[in-house]
file work_6.tsv (TSV, C-alpha atoms)
chain	number	residue	atom	x	y	z
P	164	MET	CA	0.00	0.00	0.00
P	165	SER	CA	1.45	3.37	-1.03
P	166	GLN	CA	2.03	6.08	1.53
P	167	PRO	CA	-0.42	9.01	1.44
P	168	MET	CA	0.77	12.24	-0.18
P	169	LEU	CA	-0.19	14.29	2.89
P	170	PRO	CA	-0.78	13.45	6.58
P	171	ALA	CA	-4.06	14.09	8.39
P	172	VAL	CA	-4.66	17.65	9.56
P	173	PRO	CA	-4.89	17.77	13.39
P	174	PRO	CA	-7.92	19.39	15.08
P	175	GLN	CA	-5.98	22.31	16.62
P	176	ALA	CA	-4.27	23.44	13.41
P	177	PRO	CA	-5.31	26.90	12.09
P	178	LEU	CA	-7.11	26.46	8.78
P	179	LEU	CA	-7.16	28.43	5.53
P	180	ASP	CA	-10.48	29.99	4.61
P	181	SER	CA	-10.59	28.33	1.19
P	182	ARG	CA	-11.53	25.01	-0.39
P	183	PHE	CA	-10.54	25.74	-3.98
P	184	TRP	CA	-6.84	26.45	-3.43
P	185	PRO	CA	-6.20	23.29	-1.33
P	186	TRP	CA	-8.03	21.22	-3.95
P	187	LEU	CA	-5.94	22.74	-6.75
P	188	MET	CA	-2.63	22.30	-4.93
P	189	ARG	CA	-3.36	18.67	-4.07
P	190	GLY	CA	-3.80	18.00	-7.77
P	191	LEU	CA	-0.53	19.74	-8.64
P	192	LEU	CA	1.32	17.87	-5.90
P	193	ARG	CA	0.14	14.54	-7.30
P	194	LEU	CA	1.60	15.51	-10.66
P	195	SER	CA	4.88	16.68	-9.09
P	196	GLY	CA	5.48	13.58	-6.97
P	197	TRP	CA	6.32	15.58	-3.82
P	198	ARG	CA	4.96	14.36	-0.47
P	199	LEU	CA	4.84	15.37	3.20
P	200	LEU	CA	5.71	12.51	5.54
P	201	GLY	CA	5.19	12.14	9.28
P	202	GLN	CA	2.57	13.39	11.71
P	203	LEU	CA	1.54	17.01	12.04
P	204	PRO	CA	1.54	18.31	15.63
P	205	ASP	CA	-1.84	18.74	17.28
P	206	GLU	CA	-0.84	22.12	18.67
P	207	PRO	CA	-2.63	25.48	18.32
P	208	LYS	CA	0.71	27.29	18.15
P	209	VAL	CA	3.97	26.02	16.65
P	210	ILE	CA	7.09	27.20	14.81
P	211	LEU	CA	8.01	25.07	11.78
P	212	ILE	CA	11.64	25.24	10.62
P	213	GLY	CA	12.56	23.90	7.18
P	214	ALA	CA	16.05	22.99	5.90
P	215	PRO	CA	18.26	22.54	3.97
P	216	HIS	CA	17.14	25.62	2.06
P	217	SER	CA	19.34	25.70	-1.05
P	218	SER	CA	16.95	26.59	-3.87
P	219	TYR	CA	14.06	28.87	-4.79
P	220	TRP	CA	12.13	25.65	-5.46
P	221	ASP	CA	12.10	24.82	-1.73
P	222	GLY	CA	9.65	27.66	-1.24
P	223	VAL	CA	7.56	26.60	-4.22
P	224	TRP	CA	7.13	22.99	-3.02
P	225	GLY	CA	6.69	24.08	0.60
P	226	LEU	CA	4.03	26.62	-0.32
P	227	MET	CA	2.18	24.05	-2.41
P	228	ILE	CA	2.22	21.58	0.49
P	229	LYS	CA	1.00	24.13	3.03
P	230	ILE	CA	-1.89	25.20	0.80
P	231	ALA	CA	-2.73	21.59	-0.13
P	232	LEU	CA	-3.05	20.79	3.58
P	233	GLY	CA	-5.47	23.70	4.01
P	234	ILE	CA	-3.48	24.92	7.01
P	235	ASN	CA	-2.82	28.62	7.55
P	236	ILE	CA	0.94	28.57	8.13
P	237	ASN	CA	2.33	32.10	8.34
P	238	ILE	CA	5.61	32.52	6.47
P	239	MET	CA	8.03	35.38	7.05
P	240	ILE	CA	9.10	36.88	3.73
P	241	LYS	CA	11.05	39.94	2.61
P	242	ARG	CA	8.81	43.01	2.70
P	243	GLU	CA	9.91	43.96	-0.82
P	244	VAL	CA	8.30	40.81	-2.26
P	245	LEU	CA	4.90	41.68	-0.82
P	246	GLU	CA	5.13	45.29	-2.00
P	247	GLY	CA	5.03	44.11	-5.62
P	248	PRO	CA	2.23	42.45	-7.61
P	249	LEU	CA	2.85	39.13	-5.86
P	250	GLY	CA	1.62	40.66	-2.61
P	251	ILE	CA	-1.98	40.47	-3.86
P	252	ILE	CA	-1.63	36.68	-4.03
P	253	LEU	CA	0.74	36.01	-1.14
P	254	ARG	CA	-0.79	38.06	1.68
P	255	PRO	CA	-4.09	36.10	1.81
P	256	ILE	CA	-2.22	32.79	2.16
P	257	GLY	CA	-0.33	33.77	5.29
P	258	MET	CA	2.79	35.66	4.21
P	259	ILE	CA	4.13	38.08	6.84
P	260	PRO	CA	6.26	41.01	5.57
P	261	ILE	CA	9.61	41.37	7.33
P	262	ASN	CA	11.88	44.40	7.23
P	263	ARG	CA	15.37	42.90	7.36
P	264	LYS	CA	16.85	46.26	8.36
P	265	ALA	CA	14.81	46.06	11.57
P	266	ALA	CA	15.71	42.42	12.22
P	267	LEU	CA	16.38	43.00	15.92
P	268	ASN	CA	12.69	43.68	16.47
P	269	VAL	CA	11.43	40.64	14.54
P	270	VAL	CA	11.57	38.34	17.57
P	271	GLY	CA	9.42	40.69	19.63
P	272	GLN	CA	6.97	41.21	16.77
P	273	MET	CA	6.49	37.46	16.25
P	274	ALA	CA	6.19	36.72	19.97
P	275	LYS	CA	3.53	39.44	20.19
P	276	ARG	CA	1.64	37.88	17.27
P	277	PHE	CA	1.68	34.51	19.02
P	278	ASN	CA	0.44	36.01	22.28
P	279	GLU	CA	-2.42	37.82	20.54
P	280	ARG	CA	-3.75	34.76	18.71
P	281	GLU	CA	-5.47	31.60	19.87
P	282	ARG	CA	-3.97	29.65	16.97
P	283	MET	CA	-0.88	30.42	14.92
P	284	TRP	CA	1.62	28.34	12.98
P	285	LEU	CA	4.77	30.12	11.80
P	286	GLY	CA	7.19	28.81	9.15
P	287	ILE	CA	10.87	29.87	9.17
P	288	THR	CA	13.98	28.92	7.19
P	289	PRO	CA	16.63	28.96	9.96
P	290	GLU	CA	19.53	29.29	7.51
P	291	GLY	CA	18.09	32.63	6.43
P	292	THR	CA	19.42	32.27	2.88
P	293	ARG	CA	19.76	29.75	0.06
P	294	LYS	CA	23.57	29.97	0.28
P	295	HIS	CA	25.66	27.69	2.46
P	296	VAL	CA	26.11	29.15	5.96
P	297	GLN	CA	28.15	28.00	8.94
P	298	GLN	CA	25.69	29.40	11.48
P	299	TRP	CA	21.91	29.34	11.54
P	300	LYS	CA	19.84	32.34	12.55
P	301	SER	CA	18.83	31.93	16.19
P	302	GLY	CA	15.59	33.91	15.85
P	303	PHE	CA	13.35	30.83	15.77
P	304	LEU	CA	14.75	29.69	19.13
P	305	ARG	CA	14.31	33.12	20.68
P	306	ILE	CA	10.73	33.39	19.39
P	307	ALA	CA	9.98	29.89	20.70
P	308	ARG	CA	11.30	30.74	24.17
P	309	GLU	CA	9.64	34.16	24.38
P	310	ALA	CA	6.25	32.96	23.09
P	311	ASP	CA	6.52	29.52	24.78
P	312	VAL	CA	5.67	27.53	21.65
P	313	PRO	CA	7.18	24.24	20.40
P	314	ILE	CA	9.41	23.86	17.35
P	315	GLN	CA	8.53	21.44	14.52
P	316	PRO	CA	11.52	20.46	12.33
P	317	VAL	CA	10.71	19.88	8.64
P	318	PHE	CA	13.39	18.04	6.65
P	319	ILE	CA	13.66	18.79	2.92
P	320	ASP	CA	14.99	15.90	0.84
P	321	TYR	CA	15.26	16.17	-2.95
P	322	PRO	CA	16.42	12.60	-3.71
P	323	SER	CA	13.15	11.24	-2.25
P	324	LYS	CA	11.05	14.33	-3.17
P	325	THR	CA	9.80	14.59	0.41
P	326	PHE	CA	9.30	17.03	3.23
P	327	THR	CA	9.46	15.01	6.48
P	328	LEU	CA	8.16	16.08	9.89
P	329	GLY	CA	10.61	15.41	12.70
P	330	PRO	CA	10.13	15.22	16.47
P	331	LEU	CA	8.59	18.21	18.23
P	332	VAL	CA	11.22	20.20	20.16
P	333	ARG	CA	10.88	22.52	23.15
P	334	ALA	CA	13.40	25.32	23.58
P	335	SER	CA	15.41	25.13	26.80
P	336	ASP	CA	17.47	27.69	28.70
P	337	ASP	CA	20.57	26.58	26.76
P	338	PRO	CA	20.20	27.93	23.19
P	339	ASP	CA	23.61	26.67	22.08
P	340	ALA	CA	22.76	23.09	23.07
P	341	ASP	CA	19.33	23.42	21.48
P	342	MET	CA	20.84	24.65	18.19
P	343	THR	CA	23.39	21.83	18.09
P	344	ALA	CA	20.75	19.16	18.78
P	345	ILE	CA	18.28	20.57	16.26
P	346	ARG	CA	20.83	20.98	13.46
P	347	ALA	CA	21.98	17.40	13.95
P	348	LEU	CA	18.44	16.18	13.14
P	349	PHE	CA	18.76	17.61	9.61
P	350	ARG	CA	22.08	15.99	8.73
P	351	PRO	CA	20.73	12.93	6.80
P	352	TYR	CA	18.67	15.04	4.37
P	353	ARG	CA	19.78	16.47	1.04
P	354	GLY	CA	18.56	19.73	-0.48
P	355	LYS	CA	18.59	20.54	-4.17
P	356	HIS	CA	22.17	21.79	-4.07
P	357	ARG	CA	23.54	20.70	-0.68
P	358	ASN	CA	22.84	19.11	2.67
P	359	THR	CA	22.87	20.64	6.17
P	360	GLU	CA	26.05	20.27	8.15
P	361	ALA	CA	25.67	19.53	11.84
P	362	ILE	CA	27.67	21.59	14.35
call {"tool": "encode", "arguments": {"input": "work_6.tsv", "output": "structure tokens"}}
result
Amino acid sequence: MSQPMLPAVPPQAPLLDSRFWPWLMRGLLRLSGWRLLGQLPDEPKVILIGAPHSSYWDGVWGLMIKIALGININIMIKREVLEGPLGIILRPIGMIPINRKAALNVVGQMAKRFNERERMWLGITPEGTRKHVQQWKSGFLRIAREADVPIQPVFIDYPSKTFTLGPLVRASDDPDADMTAIRALFRPYRGKHRNTEAI
């Protein structure tokens, strides 16, 4: 028996207010061969981190999966992208504009959003760029601690054409140990152009 293309949506997940777009994206995913494996967390609030992020296509497949699920996962994106024509399409499906020049305030802004909402899922690429980096951005850990929400690792693997959900992680009082443990989870997976080195 073949594995389903998408896992079941848990009761506490925030949902998109649309039936057409999930239906359309499920059809496109079937044609593409990409799948989401694992079990989605039954949590009203969660931070999803996806890696390795080495290609523009990561965002395309990830966006298709999120819409196909019918879950309203907020994604932080450069403000400039939403200021153009794409903003008309991207804002209604959960894109949050971020001013990179004011990056120091992003953690507080996101924690405030979490505190003001009953349900919120937030997607982040911890590498912060498609290029190879030695260090990940620590913002997702700081948001998780400040807002007291769990972290859901999402492993991107091009050889198998899968996004895989890892174990749910809770941020501790030792961010360095948390970062090392979380990055190690991603080591077996291969992005379009590279893998993720553990530290």
call {"tool": "atom_distance", "arguments": {"input": "work_6.tsv", "atom1": "CA of Asp221 (chain P)", "atom2": "CA of Val270 (chain P)"}}
result
23.6 Å
call {"tool": "closest_residue", "arguments": {"input": "work_6.tsv", "among": "P:Met273, P:Ile238, P:Ala344, P:Ile212", "to": "Met258 (chain P)", "atoms": "all atoms listed in the file"}}
result
P:Ile238
call {"tool": "residues_around", "arguments": {"input": "work_6.tsv", "residues": "region 178-183 of chain P", "least_positions_apart": "4", "cutoff": "7 Å", "atoms": "all atoms listed in the file", "output": "PDB file with C-alpha atoms, in the coordinates of the input"}}
result
ATOM      1  CA  LEU P 187      -5.940  22.740  -6.750  1.00  0.00           C
ATOM      2  CA  GLY P 233      -5.470  23.700   4.010  1.00  0.00           C
ATOM      3  CA  ILE P 234      -3.480  24.920   7.010  1.00  0.00           C
ATOM      4  CA  ASN P 235      -2.820  28.620   7.550  1.00  0.00           C
TER       5      ASN P 235
END
call {"tool": "atom_distance", "arguments": {"input": "work_6.tsv", "atom1": "CA of His216 (chain P)", "atom2": "CA of Thr288 (chain P)"}}
result
6.9 Å
call {"tool": "residues_around", "arguments": {"input": "work_6.tsv", "residues": "region 316-331 of chain P", "least_positions_apart": "2", "cutoff": "9 Å", "atoms": "only C-alpha atoms", "output": "short mmCIF file (atom, residue, chain, number, x, y, z; two decimals) with C-alpha atoms, in the frame of the given file"}}
result
data_model
loop_
_atom_site.label_atom_id
_atom_site.label_comp_id
_atom_site.auth_asym_id
_atom_site.auth_seq_id
_atom_site.Cartn_x
_atom_site.Cartn_y
_atom_site.Cartn_z
CA SER P 195 4.88 16.68 -9.09
CA GLY P 196 5.48 13.58 -6.97
CA TRP P 197 6.32 15.58 -3.82
CA ARG P 198 4.96 14.36 -0.47
CA LEU P 199 4.84 15.37 3.20
CA LEU P 200 5.71 12.51 5.54
CA GLY P 201 5.19 12.14 9.28
CA GLN P 202 2.57 13.39 11.71
CA LEU P 203 1.54 17.01 12.04
CA PRO P 204 1.54 18.31 15.63
CA ILE P 210 7.09 27.20 14.81
CA LEU P 211 8.01 25.07 11.78
CA ILE P 212 11.64 25.24 10.62
CA GLY P 213 12.56 23.90 7.18
CA ALA P 214 16.05 22.99 5.90
CA PRO P 215 18.26 22.54 3.97
CA HIS P 216 17.14 25.62 2.06
CA ASP P 221 12.10 24.82 -1.73
CA TRP P 224 7.13 22.99 -3.02
CA GLY P 225 6.69 24.08 0.60
CA ILE P 228 2.22 21.58 0.49
CA PRO P 313 7.18 24.24 20.40
CA ILE P 314 9.41 23.86 17.35
CA ARG P 333 10.88 22.52 23.15
CA ILE P 345 18.28 20.57 16.26
CA LEU P 348 18.44 16.18 13.14
CA PHE P 349 18.76 17.61 9.61
CA PRO P 351 20.73 12.93 6.80
CA TYR P 352 18.67 15.04 4.37
CA ARG P 353 19.78 16.47 1.04
CA GLY P 354 18.56 19.73 -0.48
CA LYS P 355 18.59 20.54 -4.17
CA HIS P 356 22.17 21.79 -4.07
CA ASN P 358 22.84 19.11 2.67
#
call {"tool": "atom_distance", "arguments": {"input": "work_6.tsv", "atom1": "CA of Trp299 (chain P)", "atom2": "CA of Arg242 (chain P)"}}
result
20.9 Å
call {"tool": "closest_residue", "arguments": {"input": "work_6.tsv", "among": "P:Met168, P:Leu245, P:Ala347, P:Val312", "to": "Leu232 (chain P)", "atoms": "all atoms listed in the file"}}
result
P:Met168
call {"tool": "closest_residue", "arguments": {"input": "work_6.tsv", "among": "P:Pro248, P:Gly286, P:Pro338, P:Gly302", "to": "Gly222 (chain P)", "atoms": "all atoms listed in the file"}}
result
P:Gly286
call {"tool": "axis_aligned_box", "arguments": {"input": "work_6.tsv", "around": "region 269-278 of chain P", "padding_each_side": "8 Å", "output": "lines of an AutoDock Vina configuration file"}}
result
center_x = 6.0
center_y = 37.9
center_z = 18.4
size_x = 27.1
size_y = 22.7
size_z = 23.7
call {"tool": "closest_residue", "arguments": {"input": "work_6.tsv", "among": "P:Met227, P:Ile259, P:Thr292, P:Ala334", "to": "Gln315 (chain P)", "atoms": "all atoms listed in the file"}}
result
P:Ala334
call {"tool": "residues_near_point", "arguments": {"input": "work_6.tsv", "point": "(10.2, 38.4, 22.6)", "cutoff": "6 Å", "atoms": "all atoms listed in the file", "output": "short mmCIF file (atom, residue, chain, number, x, y, z; two decimals) with C-alpha atoms, in the frame of the given file"}}
result
data_model
loop_
_atom_site.label_atom_id
_atom_site.label_comp_id
_atom_site.auth_asym_id
_atom_site.auth_seq_id
_atom_site.Cartn_x
_atom_site.Cartn_y
_atom_site.Cartn_z
CA VAL P 270 11.57 38.34 17.57
CA GLY P 271 9.42 40.69 19.63
CA ALA P 274 6.19 36.72 19.97
CA ILE P 306 10.73 33.39 19.39
CA GLU P 309 9.64 34.16 24.38
#
call {"tool": "closest_residue", "arguments": {"input": "work_6.tsv", "among": "P:Pro170, P:Asp339, P:Leu304, P:Lys208", "to": "Asn278 (chain P)", "atoms": "all atoms listed in the file"}}
result
P:Lys208
